[in-house]
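> Contents of coords_12.txt (compact mmCIF, C-alpha atoms) are given next:
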```
# COMPACT_ATOMS: atom_id res chain seq x y z
CA MET A 1 -30.78 -37.51 -8.33
CA ARG A 2 -27.68 -39.62 -8.89
CA LYS A 3 -25.96 -40.96 -5.78
CA GLY A 4 -22.77 -39.04 -6.62
CA GLU A 5 -24.65 -35.78 -6.93
CA GLN A 6 -26.40 -36.43 -3.61
CA THR A 7 -23.06 -37.00 -1.86
CA ARG A 8 -21.65 -33.87 -3.46
CA ARG A 9 -24.51 -31.74 -2.14
CA GLU A 10 -24.23 -33.32 1.28
CA ILE A 11 -20.52 -32.43 1.44
CA ILE A 12 -21.29 -28.82 0.49
CA ARG A 13 -24.03 -28.59 3.09
CA LYS A 14 -21.79 -29.93 5.84
CA ALA A 15 -18.70 -27.99 4.81
CA ALA A 16 -20.53 -24.65 4.71
CA PRO A 17 -20.63 -24.06 8.49
CA ILE A 18 -16.95 -25.05 8.79
CA PHE A 19 -15.80 -22.48 6.24
CA ASN A 20 -18.22 -19.89 7.65
CA GLN A 21 -16.92 -20.31 11.18
CA LYS A 22 -13.22 -20.93 10.59
CA GLY A 23 -12.50 -19.08 7.38
CA TYR A 24 -10.75 -20.46 4.34
CA ASP A 25 -7.31 -20.93 5.88
CA GLY A 26 -8.71 -22.00 9.24
CA ALA A 27 -10.86 -24.79 7.80
CA ALA A 28 -8.58 -27.81 8.08
CA LEU A 29 -9.01 -31.02 6.12
CA SER A 30 -9.53 -32.78 9.47
CA ASP A 31 -12.47 -30.41 10.21
CA LEU A 32 -14.01 -31.16 6.82
CA MET A 33 -13.50 -34.91 7.29
CA ARG A 34 -15.12 -34.81 10.74
CA ALA A 35 -18.09 -32.76 9.50
CA THR A 36 -18.74 -34.91 6.45
CA GLY A 37 -17.76 -38.26 7.91
CA LEU A 38 -15.66 -38.89 4.81
CA GLU A 39 -11.98 -39.51 4.16
CA LYS A 40 -9.89 -37.08 2.13
CA GLY A 41 -10.37 -39.15 -1.03
CA GLY A 42 -14.13 -39.30 -0.44
CA ILE A 43 -14.30 -35.51 -0.34
CA TYR A 44 -11.91 -34.71 -3.18
CA ARG A 45 -13.46 -37.21 -5.53
CA HIS A 46 -16.21 -34.59 -5.86
CA PHE A 47 -14.19 -31.35 -5.87
CA SER A 48 -11.04 -30.42 -7.73
CA SER A 49 -9.58 -28.49 -4.78
CA LYS A 50 -10.25 -26.97 -1.36
CA GLU A 51 -10.91 -23.71 -3.18
CA ALA A 52 -13.56 -25.30 -5.38
CA LEU A 53 -15.31 -26.78 -2.34
CA ALA A 54 -15.10 -23.49 -0.43
CA ALA A 55 -16.63 -21.63 -3.38
CA GLU A 56 -19.57 -24.05 -3.59
CA ALA A 57 -19.98 -23.93 0.19
CA PHE A 58 -20.11 -20.13 0.09
CA ASP A 59 -22.72 -20.09 -2.67
CA TYR A 60 -24.84 -22.56 -0.71
CA ALA A 61 -24.45 -20.61 2.57
CA TRP A 62 -25.30 -17.35 0.88
CA ARG A 63 -28.36 -18.77 -0.91
CA GLU A 64 -29.76 -20.14 2.36
CA THR A 65 -29.00 -16.89 4.22
CA PHE A 66 -30.41 -14.59 1.56
CA ASP A 67 -33.53 -16.72 1.11
CA SER A 68 -34.31 -16.42 4.81
CA ARG A 69 -33.88 -12.64 4.66
CA ILE A 70 -36.29 -12.11 1.79
CA ARG A 71 -38.98 -14.49 3.02
CA ASP A 72 -42.48 -13.04 3.71
CA LEU A 73 -41.81 -9.85 1.79
CA ASP A 74 -44.15 -10.44 -1.15
CA SER A 75 -47.30 -10.09 0.92
CA ILE A 76 -46.39 -6.53 1.97
CA SER A 77 -47.57 -4.00 -0.58
CA ASN A 78 -45.99 -0.81 0.79
CA THR A 79 -42.28 -0.47 -0.05
CA VAL A 80 -41.30 1.12 3.25
CA GLY A 81 -43.06 -1.75 5.02
CA ARG A 82 -41.18 -4.25 2.87
CA LEU A 83 -37.83 -2.65 3.60
CA LYS A 84 -38.63 -2.69 7.31
CA GLN A 85 -39.61 -6.36 7.11
CA PHE A 86 -36.39 -7.11 5.25
CA ILE A 87 -34.46 -5.45 8.08
CA ALA A 88 -36.48 -7.35 10.69
CA ASN A 89 -35.74 -10.62 8.87
CA PHE A 90 -32.06 -9.74 8.84
CA VAL A 91 -32.06 -9.03 12.58
CA GLU A 92 -34.17 -12.00 13.64
CA ARG A 93 -33.28 -14.80 11.25
CA ARG A 94 -29.63 -15.26 11.91
CA GLY A 95 -27.82 -18.50 12.40
CA VAL A 96 -29.22 -20.17 9.27
CA ILE A 97 -25.59 -21.15 8.71
CA PRO A 98 -23.60 -21.10 11.97
CA GLY A 99 -20.78 -18.55 12.09
CA GLY A 100 -22.47 -15.28 11.19
CA CYS A 101 -23.16 -13.66 7.82
CA PRO A 102 -21.35 -15.61 5.06
CA LEU A 103 -20.98 -12.45 2.96
CA LEU A 104 -19.32 -10.47 5.75
CA ASN A 105 -17.07 -13.38 6.72
CA THR A 106 -16.00 -14.18 3.18
CA ALA A 107 -15.50 -10.53 2.24
CA ILE A 108 -13.18 -9.95 5.20
CA ASP A 109 -11.48 -13.31 4.78
CA THR A 110 -10.64 -12.76 1.13
CA ASP A 111 -10.18 -9.02 0.65
CA ASP A 112 -6.43 -9.49 0.60
CA GLY A 113 -6.49 -13.11 -0.45
CA ASN A 114 -8.31 -15.79 -2.40
CA SER A 115 -9.62 -14.23 -5.61
CA VAL A 116 -12.04 -17.04 -6.50
CA LEU A 117 -13.86 -16.72 -3.18
CA ARG A 118 -13.68 -12.94 -3.36
CA ALA A 119 -15.44 -13.01 -6.75
CA ARG A 120 -18.24 -15.11 -5.22
CA ALA A 121 -18.64 -12.61 -2.38
CA ARG A 122 -18.76 -9.70 -4.85
CA LYS A 123 -21.42 -11.47 -6.84
CA ALA A 124 -23.46 -12.07 -3.69
CA LEU A 125 -23.21 -8.40 -2.74
CA ARG A 126 -24.20 -7.28 -6.24
CA GLY A 127 -27.23 -9.57 -6.17
CA TRP A 128 -28.34 -8.32 -2.75
CA ARG A 129 -27.90 -4.69 -3.69
CA SER A 130 -29.73 -5.12 -7.00
CA TYR A 131 -32.60 -6.74 -5.14
CA LEU A 132 -32.93 -3.74 -2.81
CA ILE A 133 -32.42 -1.21 -5.60
CA SER A 134 -35.25 -2.77 -7.63
CA MET A 135 -37.51 -2.67 -4.61
CA ILE A 136 -36.68 0.99 -3.92
CA ARG A 137 -37.12 1.98 -7.58
CA ALA A 138 -40.52 0.31 -7.66
CA GLY A 139 -41.38 2.22 -4.50
CA ILE A 140 -40.47 5.52 -6.14
CA LYS A 141 -42.63 4.63 -9.15
CA ALA A 142 -45.52 3.75 -6.86
CA ARG A 143 -45.09 7.10 -5.04
CA GLN A 144 -44.37 5.30 -1.77
CA ILE A 145 -40.76 6.49 -1.69
CA ARG A 146 -39.69 10.08 -2.28
CA PRO A 147 -38.23 10.65 -5.73
CA ARG A 148 -35.13 12.42 -4.38
CA ILE A 149 -33.98 9.20 -2.66
CA ASP A 150 -30.97 7.62 -4.43
CA PRO A 151 -31.77 3.87 -4.62
CA LYS A 152 -28.14 2.75 -4.73
CA LYS A 153 -27.12 4.90 -1.77
CA LEU A 154 -30.08 3.76 0.31
CA ALA A 155 -29.35 0.11 -0.51
CA THR A 156 -25.69 0.62 0.43
CA LEU A 157 -26.65 2.30 3.69
CA ILE A 158 -28.97 -0.55 4.68
CA ILE A 159 -26.47 -3.27 3.78
CA GLY A 160 -23.46 -1.52 5.32
CA SER A 161 -25.04 -0.64 8.63
CA LEU A 162 -26.64 -4.07 9.11
CA GLU A 163 -23.40 -5.90 8.29
CA GLY A 164 -21.36 -3.66 10.59
CA ALA A 165 -23.87 -4.21 13.38
CA ILE A 166 -23.57 -7.98 12.95
CA MET A 167 -19.85 -7.70 13.56
CA LEU A 168 -20.51 -5.78 16.79
CA CYS A 169 -23.20 -8.25 17.94
CA ARG A 170 -20.96 -11.22 17.38
CA LEU A 171 -17.96 -9.64 19.04
CA GLU A 172 -20.00 -8.67 22.10
CA ARG A 173 -22.45 -11.58 22.13
CA SER A 174 -25.25 -9.04 22.37
CA GLU A 175 -28.32 -8.13 20.32
CA GLU A 176 -28.06 -4.44 21.15
CA PRO A 177 -26.06 -3.18 18.15
CA LEU A 178 -28.44 -4.76 15.62
CA ARG A 179 -31.46 -3.44 17.54
CA ALA A 180 -29.97 0.06 17.63
CA VAL A 181 -29.27 0.02 13.89
CA GLN A 182 -32.72 -1.43 13.15
CA ALA A 183 -34.42 1.35 15.15
CA HIS A 184 -32.34 3.97 13.38
CA LEU A 185 -33.05 2.61 9.89
CA ASN A 186 -36.77 2.19 10.58
CA ASN A 187 -37.01 5.76 11.80
CA TYR A 188 -35.07 7.00 8.78
CA LEU A 189 -37.35 5.04 6.43
CA ASP A 190 -40.45 6.45 8.13
CA THR A 191 -39.38 10.08 8.36
CA VAL A 192 -37.07 10.71 5.40
CA VAL A 193 -37.46 7.94 2.81
CA GLY A 194 -41.18 7.20 2.73
CA VAL A 195 -43.90 9.39 1.31
CA PRO A 196 -46.23 10.17 4.24
CA SER A 197 -49.63 8.58 3.69
CA LYS A 198 -52.45 11.09 3.48
CA MET B 1 15.86 1.20 24.97
CA ARG B 2 17.56 -2.18 25.22
CA LYS B 3 18.50 -3.90 21.97
CA GLY B 4 16.18 -6.85 22.72
CA GLU B 5 13.24 -4.54 23.31
CA GLN B 6 13.96 -2.70 20.05
CA THR B 7 13.97 -5.97 18.12
CA ARG B 8 10.74 -7.03 19.82
CA ARG B 9 8.97 -3.82 18.77
CA GLU B 10 10.34 -4.12 15.26
CA ILE B 11 8.92 -7.65 14.97
CA ILE B 12 5.51 -6.44 16.17
CA ARG B 13 5.55 -3.53 13.72
CA LYS B 14 6.41 -5.79 10.79
CA ALA B 15 4.09 -8.63 11.78
CA ALA B 16 1.05 -6.36 12.17
CA PRO B 17 0.30 -5.94 8.43
CA ILE B 18 0.73 -9.70 7.90
CA PHE B 19 -1.84 -10.63 10.53
CA ASN B 20 -4.13 -7.79 9.40
CA GLN B 21 -4.09 -8.93 5.78
CA LYS B 22 -3.96 -12.70 6.15
CA GLY B 23 -5.75 -13.33 9.42
CA TYR B 24 -4.47 -15.44 12.28
CA ASP B 25 -4.58 -18.82 10.54
CA GLY B 26 -3.50 -17.39 7.20
CA ALA B 27 -0.35 -15.74 8.58
CA ALA B 28 2.29 -18.41 8.02
CA LEU B 29 5.63 -18.55 9.78
CA SER B 30 7.27 -18.08 6.38
CA ASP B 31 5.33 -14.81 5.92
CA LEU B 32 6.46 -13.59 9.34
CA MET B 33 10.06 -14.59 8.62
CA ARG B 34 10.04 -12.79 5.28
CA ALA B 35 8.50 -9.62 6.79
CA THR B 36 10.87 -9.46 9.74
CA GLY B 37 13.97 -10.80 8.03
CA LEU B 38 14.45 -13.17 10.98
CA GLU B 39 14.58 -16.93 11.39
CA LYS B 40 11.98 -18.77 13.45
CA GLY B 41 14.25 -18.76 16.51
CA GLY B 42 14.89 -15.04 16.12
CA ILE B 43 11.16 -14.33 16.23
CA TYR B 44 10.16 -16.74 18.99
CA ARG B 45 12.99 -15.71 21.28
CA HIS B 46 10.81 -12.63 21.89
CA PHE B 47 7.32 -14.17 21.99
CA SER B 48 6.04 -17.26 23.73
CA SER B 49 3.77 -18.27 20.82
CA LYS B 50 2.18 -17.20 17.55
CA GLU B 51 -0.85 -16.19 19.59
CA ALA B 52 1.22 -13.93 21.83
CA LEU B 53 2.79 -12.22 18.81
CA ALA B 54 -0.60 -11.85 17.09
CA ALA B 55 -2.07 -10.26 20.22
CA GLU B 56 0.75 -7.70 20.43
CA ALA B 57 0.50 -7.06 16.70
CA PHE B 58 -3.23 -6.40 17.02
CA ASP B 59 -2.75 -3.99 19.92
CA TYR B 60 -0.11 -2.12 17.93
CA ALA B 61 -2.24 -2.04 14.75
CA TRP B 62 -5.26 -0.82 16.68
CA ARG B 63 -3.32 1.89 18.54
CA GLU B 64 -1.95 3.27 15.27
CA THR B 65 -5.35 3.09 13.58
CA PHE B 66 -7.29 4.66 16.43
CA ASP B 67 -4.70 7.42 16.91
CA SER B 68 -5.07 8.45 13.28
CA ARG B 69 -8.86 8.53 13.63
CA ILE B 70 -8.89 10.84 16.65
CA ARG B 71 -6.21 13.23 15.43
CA ASP B 72 -7.17 16.93 15.01
CA LEU B 73 -10.33 16.61 17.08
CA ASP B 74 -9.26 18.66 20.10
CA SER B 75 -9.25 21.94 18.21
CA ILE B 76 -12.96 21.60 17.33
CA SER B 77 -15.17 22.98 20.09
CA ASN B 78 -18.61 21.96 18.82
CA THR B 79 -19.45 18.30 19.49
CA VAL B 80 -21.32 17.74 16.23
CA GLY B 81 -18.31 19.18 14.40
CA ARG B 82 -16.01 16.85 16.30
CA LEU B 83 -18.11 13.80 15.49
CA LYS B 84 -18.14 14.81 11.82
CA GLN B 85 -14.36 15.25 11.85
CA PHE B 86 -14.00 11.84 13.50
CA ILE B 87 -16.06 10.33 10.67
CA ALA B 88 -14.02 12.22 8.08
CA ASN B 89 -10.80 10.92 9.64
CA PHE B 90 -12.21 7.40 9.54
CA VAL B 91 -13.10 7.73 5.86
CA GLU B 92 -9.91 9.46 4.74
CA ARG B 93 -7.15 8.02 6.90
CA ARG B 94 -7.27 4.39 6.03
CA GLY B 95 -4.34 2.18 5.23
CA VAL B 96 -2.34 3.13 8.33
CA ILE B 97 -1.86 -0.62 8.65
CA PRO B 98 -2.39 -2.39 5.31
CA GLY B 99 -5.32 -4.80 5.19
CA GLY B 100 -8.27 -2.72 6.37
CA CYS B 101 -9.57 -2.01 9.87
CA PRO B 102 -7.78 -4.24 12.41
CA LEU B 103 -10.85 -4.29 14.67
CA LEU B 104 -13.18 -5.49 11.91
CA ASN B 105 -10.68 -8.05 10.66
CA THR B 106 -9.87 -9.44 14.09
CA ALA B 107 -13.49 -9.47 15.22
CA ILE B 108 -14.56 -11.51 12.19
CA ASP B 109 -11.47 -13.69 12.30
CA THR B 110 -11.95 -14.65 15.95
CA ASP B 111 -15.68 -14.60 16.62
CA ASP B 112 -15.76 -18.38 16.44
CA GLY B 113 -12.13 -18.89 17.30
CA ASN B 114 -9.11 -17.58 19.16
CA SER B 115 -10.29 -16.26 22.53
CA VAL B 116 -7.10 -14.33 23.36
CA LEU B 117 -7.33 -12.29 20.17
CA ARG B 118 -11.08 -11.94 20.58
CA ALA B 119 -10.59 -10.41 24.03
CA ARG B 120 -8.19 -7.85 22.52
CA ALA B 121 -10.75 -6.94 19.87
CA ARG B 122 -13.48 -6.54 22.51
CA LYS B 123 -11.23 -4.28 24.53
CA ALA B 124 -10.52 -2.17 21.44
CA LEU B 125 -14.23 -1.85 20.72
CA ARG B 126 -15.01 -0.90 24.32
CA GLY B 127 -12.31 1.77 24.27
CA TRP B 128 -13.54 3.23 20.99
CA ARG B 129 -17.16 3.27 22.12
CA SER B 130 -16.30 4.82 25.50
CA TYR B 131 -14.38 7.55 23.68
CA LEU B 132 -17.42 8.42 21.56
CA ILE B 133 -19.85 8.12 24.48
CA SER B 134 -17.78 10.57 26.55
CA MET B 135 -17.72 13.00 23.65
CA ILE B 136 -21.48 12.73 23.15
CA ARG B 137 -22.22 13.10 26.89
CA ALA B 138 -20.06 16.23 27.04
CA GLY B 139 -21.99 17.54 24.05
CA ILE B 140 -25.30 17.00 25.84
CA LYS B 141 -23.97 18.84 28.90
CA ALA B 142 -22.79 21.69 26.70
CA ARG B 143 -26.24 21.84 25.07
CA GLN B 144 -24.76 21.08 21.66
CA ILE B 145 -26.46 17.67 21.47
CA ARG B 146 -30.11 17.09 22.20
CA PRO B 147 -30.71 15.52 25.61
CA ARG B 148 -32.97 12.79 24.21
CA ILE B 149 -30.05 11.30 22.24
CA ASP B 150 -28.85 8.00 23.75
CA PRO B 151 -25.01 8.25 23.76
CA LYS B 152 -24.42 4.50 23.62
CA LYS B 153 -26.84 3.97 20.73
CA LEU B 154 -25.40 6.86 18.75
CA ALA B 155 -21.85 5.57 19.31
CA THR B 156 -22.94 2.08 18.22
CA LEU B 157 -24.62 3.46 15.12
CA ILE B 158 -21.52 5.40 14.08
CA ILE B 159 -19.14 2.49 14.70
CA GLY B 160 -21.39 -0.14 13.11
CA SER B 161 -22.21 1.75 9.94
CA LEU B 162 -18.62 2.87 9.33
CA GLU B 163 -17.24 -0.64 9.86
CA GLY B 164 -19.86 -2.19 7.61
CA ALA B 165 -19.10 0.36 4.92
CA ILE B 166 -15.39 -0.50 5.12
CA MET B 167 -16.23 -4.09 4.33
CA LEU B 168 -18.20 -2.99 1.25
CA CYS B 169 -15.43 -0.60 0.11
CA ARG B 170 -12.79 -3.27 0.38
CA LEU B 171 -14.88 -5.91 -1.35
CA GLU B 172 -15.71 -3.58 -4.23
CA ARG B 173 -12.47 -1.58 -4.31
CA SER B 174 -14.58 1.58 -4.26
CA GLU B 175 -14.92 4.62 -2.01
CA GLU B 176 -18.66 4.93 -2.62
CA PRO B 177 -20.03 2.95 0.36
CA LEU B 178 -18.00 4.94 2.90
CA ARG B 179 -18.96 8.21 1.23
CA ALA B 180 -22.64 7.25 1.26
CA VAL B 181 -22.52 6.33 4.96
CA GLN B 182 -20.55 9.49 5.78
CA ALA B 183 -23.14 11.68 4.04
CA HIS B 184 -25.95 9.88 5.85
CA LEU B 185 -24.33 10.18 9.28
CA ASN B 186 -23.40 13.85 8.77
CA ASN B 187 -26.94 14.67 7.78
CA TYR B 188 -28.31 12.75 10.76
CA LEU B 189 -25.92 14.58 13.10
CA ASP B 190 -26.95 17.95 11.66
CA THR B 191 -30.70 17.42 11.59
CA VAL B 192 -31.50 15.05 14.46
CA VAL B 193 -28.59 14.89 16.90
CA GLY B 194 -27.32 18.45 17.13
CA VAL B 195 -29.02 21.38 18.80
CA PRO B 196 -29.59 23.97 16.04
CA SER B 197 -27.47 27.06 16.68
CA LYS B 198 -29.52 30.21 17.21
```
Have the structure of the file written as structure tokens, please.

Amino acid sequence: MRKGEQTRREIIRKAAPIFNQKGYDGAALSDLMRATGLEKGGIYRHFSSKEALAAEAFDYAWRETFDSRIRDLDSISNTVGRLKQFIANFVERRGVIPGGCPLLNTAIDTDDGNSVLRARARKALRGWRSYLISMIRAGIKARQIRPRIDPKKLATLIIGSLEGAIMLCRLERSEEPLRAVQAHLNNYLDTVVGVPSK
Amino acid sequence: MRKGEQTRREIIRKAAPIFNQKGYDGAALSDLMRATGLEKGGIYRHFSSKEALAAEAFDYAWRETFDSRIRDLDSISNTVGRLKQFIANFVERRGVIPGGCPLLNTAIDTDDGNSVLRARARKALRGWRSYLISMIRAGIKARQIRPRIDPKKLATLIIGSLEGAIMLCRLERSEEPLRAVQAHLNNYLDTVVGVPSK
């Protein structure tokens, strides 16, 4: 890898927690300089604008976060088990990027604002939902999930209730909301979504 | 009411949508001046700091939002019916203060930042949850809700999944996520939470 490209990646990696914790407007140049150990010129040699850096930082933060959530799923053959493991990953593997879920933060930060960042957040959400929808569809095909389950609605329910619970956990500095939502979703998957094994 | 107090309230009322849409850091003095039609001195004669104004604006925004969510509940005698009407109010009566749910926005905006605003958001959440817990407890006493239901967990589930769905709706500019969560919660209330009527 070229030296310039290495520096660029290093800036993204170090800027990601700043944007995730402080938001787009809250992330000051001085914060970015402190985190990267570079001067303004050293940072903006590699990015055309704060917006361009924030967009790359979001994509990096999301990739790291999403990767940690889908780890260890391939070895589980039953779809309900995989969905439950996904939820467990979500609950247990937080803090990959300090500041909470990058998707939630960026969605709230940009829903009335920055359209470039908002487009990145939408893309992240679409990717996540598609991933779950594919899994659920495969589960219906394999007769592990009941055919009357709507894959898109189930994916939306899982994403929405986990993300809302994260907000509550972070506001209260407590694990309880995520645990309550996890227990509810697991029970719903077992009793309503899954085909009972014979 | 004294003239000064009237002006103060007017500033709060006009600043609330700015803070709710742009966040604490994003709300610039120029935005606040434009919204209120006042100069800097005219605004800060009434508030000791931007933080003090933001805190009052949050309290106002939350009061208006919460009031609209609990309207029309008293006339419904059955607890499951009341919870469903609460959810319907949440889904249908948005936009009381432009920018989405003030609690969600302020929680995300301040979870790594402003502790004064964060304390206001925590207080709002506690008040909302206590309101639902009281309703659920009364429902258990009245034998309308099953005694094995944990009031705090049910309240957390309702709040978390609705708030998460708001984030998805606003990111996608679509009603679907809230409708999906509403249908799920209503069904859960009917089949698991409520005591079937004889």
> Rounded to one decimal, what separation in Å do you get between CA of Leu185 in chain A and CA of Ile145 in chain A?
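About the pair CA of Leu185 in chain A and CA of Ile145 in chain A: they are 14.4 Å apart.
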> Mind listing whatever residues come within 9 Å of the point (-28.6, -0.4, 22.8)? Use all atoms listed in the file, file coordinates, and give them as a PyMOL selection string.
(chain A and resi 175-181) or (chain B and resi 150+152-154+156)
> One decimal, in Å: what's the spacing between CA of Gly164 in chain A and CA of Leu103 in chain B?
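About the pair CA of Gly164 in chain A and CA of Leu103 in chain B: they are 11.3 Å apart.
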> List as an MDAnalysis selection string the protein and nucleic acid residues near range 71-83 of chain A, meaning an atom at most 9 Å away when only C-alpha atoms are counted, but skip any in the same chain fewer than 5 places from it.
chainID A and resid 66 88:89 132 135:136 138:140 142 144:145 186 189:190 193:195
> Do me a favour and pick out the residues of chain A within 9 Å of chain B, using only C-alpha atoms, as a compact mmCIF listing (two decimals) with C-alpha atoms, in the frame of the given file.

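What ended up in out14.txt:
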```
# COMPACT_ATOMS: atom_id res chain seq x y z
CA GLN A 21 -16.92 -20.31 11.18
CA LYS A 22 -13.22 -20.93 10.59
CA GLY A 23 -12.50 -19.08 7.38
CA TYR A 24 -10.75 -20.46 4.34
CA ASP A 25 -7.31 -20.93 5.88
CA GLY A 26 -8.71 -22.00 9.24
CA GLY A 99 -20.78 -18.55 12.09
CA GLY A 100 -22.47 -15.28 11.19
CA LEU A 104 -19.32 -10.47 5.75
CA ASN A 105 -17.07 -13.38 6.72
CA ALA A 107 -15.50 -10.53 2.24
CA ILE A 108 -13.18 -9.95 5.20
CA ASP A 109 -11.48 -13.31 4.78
CA THR A 110 -10.64 -12.76 1.13
CA ASP A 111 -10.18 -9.02 0.65
CA ASP A 112 -6.43 -9.49 0.60
CA GLY A 113 -6.49 -13.11 -0.45
CA ARG A 118 -13.68 -12.94 -3.36
CA ALA A 119 -15.44 -13.01 -6.75
CA ALA A 121 -18.64 -12.61 -2.38
CA ARG A 122 -18.76 -9.70 -4.85
CA LEU A 125 -23.21 -8.40 -2.74
CA LYS A 153 -27.12 4.90 -1.77
CA LEU A 154 -30.08 3.76 0.31
CA THR A 156 -25.69 0.62 0.43
CA LEU A 157 -26.65 2.30 3.69
CA ILE A 158 -28.97 -0.55 4.68
CA ILE A 159 -26.47 -3.27 3.78
CA GLY A 160 -23.46 -1.52 5.32
CA SER A 161 -25.04 -0.64 8.63
CA LEU A 162 -26.64 -4.07 9.11
CA GLU A 163 -23.40 -5.90 8.29
CA GLY A 164 -21.36 -3.66 10.59
CA ALA A 165 -23.87 -4.21 13.38
CA ILE A 166 -23.57 -7.98 12.95
CA MET A 167 -19.85 -7.70 13.56
CA LEU A 168 -20.51 -5.78 16.79
CA ARG A 170 -20.96 -11.22 17.38
CA LEU A 171 -17.96 -9.64 19.04
CA GLU A 172 -20.00 -8.67 22.10
CA GLU A 176 -28.06 -4.44 21.15
CA PRO A 177 -26.06 -3.18 18.15
CA LEU A 178 -28.44 -4.76 15.62
CA ALA A 180 -29.97 0.06 17.63
CA VAL A 181 -29.27 0.02 13.89
CA HIS A 184 -32.34 3.97 13.38
```
> Find the distance between CA of Arg9 in chain A and CA of Lys123 in chain A and write it in Å to one decimal.
21.0 Å
> Hey, which of A:Thr7, A:Ser68, A:Gln85, A:Ser115 ends up closest to Arg45 in chain A? Count only C-alpha atoms.
A:Thr7
> Could I get range 177-189 of chain B from the block written out with N, CA and C atoms, as an mmCIF file, in the first residue's frame?

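Output file result-v4.cif follows:
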```cif
data_model
loop_
_atom_site.group_PDB
_atom_site.id
_atom_site.type_symbol
_atom_site.label_atom_id
_atom_site.label_comp_id
_atom_site.auth_asym_id
_atom_site.auth_seq_id
_atom_site.Cartn_x
_atom_site.Cartn_y
_atom_site.Cartn_z
ATOM 1 N N PRO B 177 -42.154 1.468 8.676
ATOM 2 C CA PRO B 177 -41.584 0.901 9.910
ATOM 3 C C PRO B 177 -42.492 1.117 11.125
ATOM 4 N N LEU B 178 -43.056 2.318 11.272
ATOM 5 C CA LEU B 178 -43.941 2.545 12.419
ATOM 6 C C LEU B 178 -45.194 1.684 12.323
ATOM 7 N N ARG B 179 -45.715 1.529 11.117
ATOM 8 C CA ARG B 179 -46.911 0.690 10.953
ATOM 9 C C ARG B 179 -46.613 -0.768 11.290
ATOM 10 N N ALA B 180 -45.435 -1.233 10.874
ATOM 11 C CA ALA B 180 -45.056 -2.625 11.165
ATOM 12 C C ALA B 180 -44.907 -2.843 12.671
ATOM 13 N N VAL B 181 -44.267 -1.895 13.352
ATOM 14 C CA VAL B 181 -44.086 -2.022 14.800
ATOM 15 C C VAL B 181 -45.435 -1.895 15.517
ATOM 16 N N GLN B 182 -46.273 -1.001 15.048
ATOM 17 C CA GLN B 182 -47.609 -0.856 15.646
ATOM 18 C C GLN B 182 -48.401 -2.161 15.541
ATOM 19 N N ALA B 183 -48.395 -2.759 14.362
ATOM 20 C CA ALA B 183 -49.131 -4.017 14.167
ATOM 21 C C ALA B 183 -48.575 -5.108 15.088
ATOM 22 N N HIS B 184 -47.252 -5.157 15.191
ATOM 23 C CA HIS B 184 -46.631 -6.162 16.052
ATOM 24 C C HIS B 184 -47.025 -5.948 17.517
ATOM 25 N N LEU B 185 -46.914 -4.720 17.992
ATOM 26 C CA LEU B 185 -47.225 -4.436 19.398
ATOM 27 C C LEU B 185 -48.713 -4.688 19.682
ATOM 28 N N ASN B 186 -49.588 -4.261 18.782
ATOM 29 C CA ASN B 186 -51.020 -4.488 18.997
ATOM 30 C C ASN B 186 -51.324 -5.976 19.110
ATOM 31 N N ASN B 187 -50.725 -6.736 18.231
ATOM 32 C CA ASN B 187 -50.952 -8.179 18.256
ATOM 33 C C ASN B 187 -50.413 -8.801 19.552
ATOM 34 N N TYR B 188 -49.255 -8.339 19.975
ATOM 35 C CA TYR B 188 -48.663 -8.816 21.224
ATOM 36 C C TYR B 188 -49.566 -8.458 22.412
ATOM 37 N N LEU B 189 -50.078 -7.229 22.413
ATOM 38 C CA LEU B 189 -50.968 -6.804 23.504
ATOM 39 C C LEU B 189 -52.235 -7.663 23.512
#
```
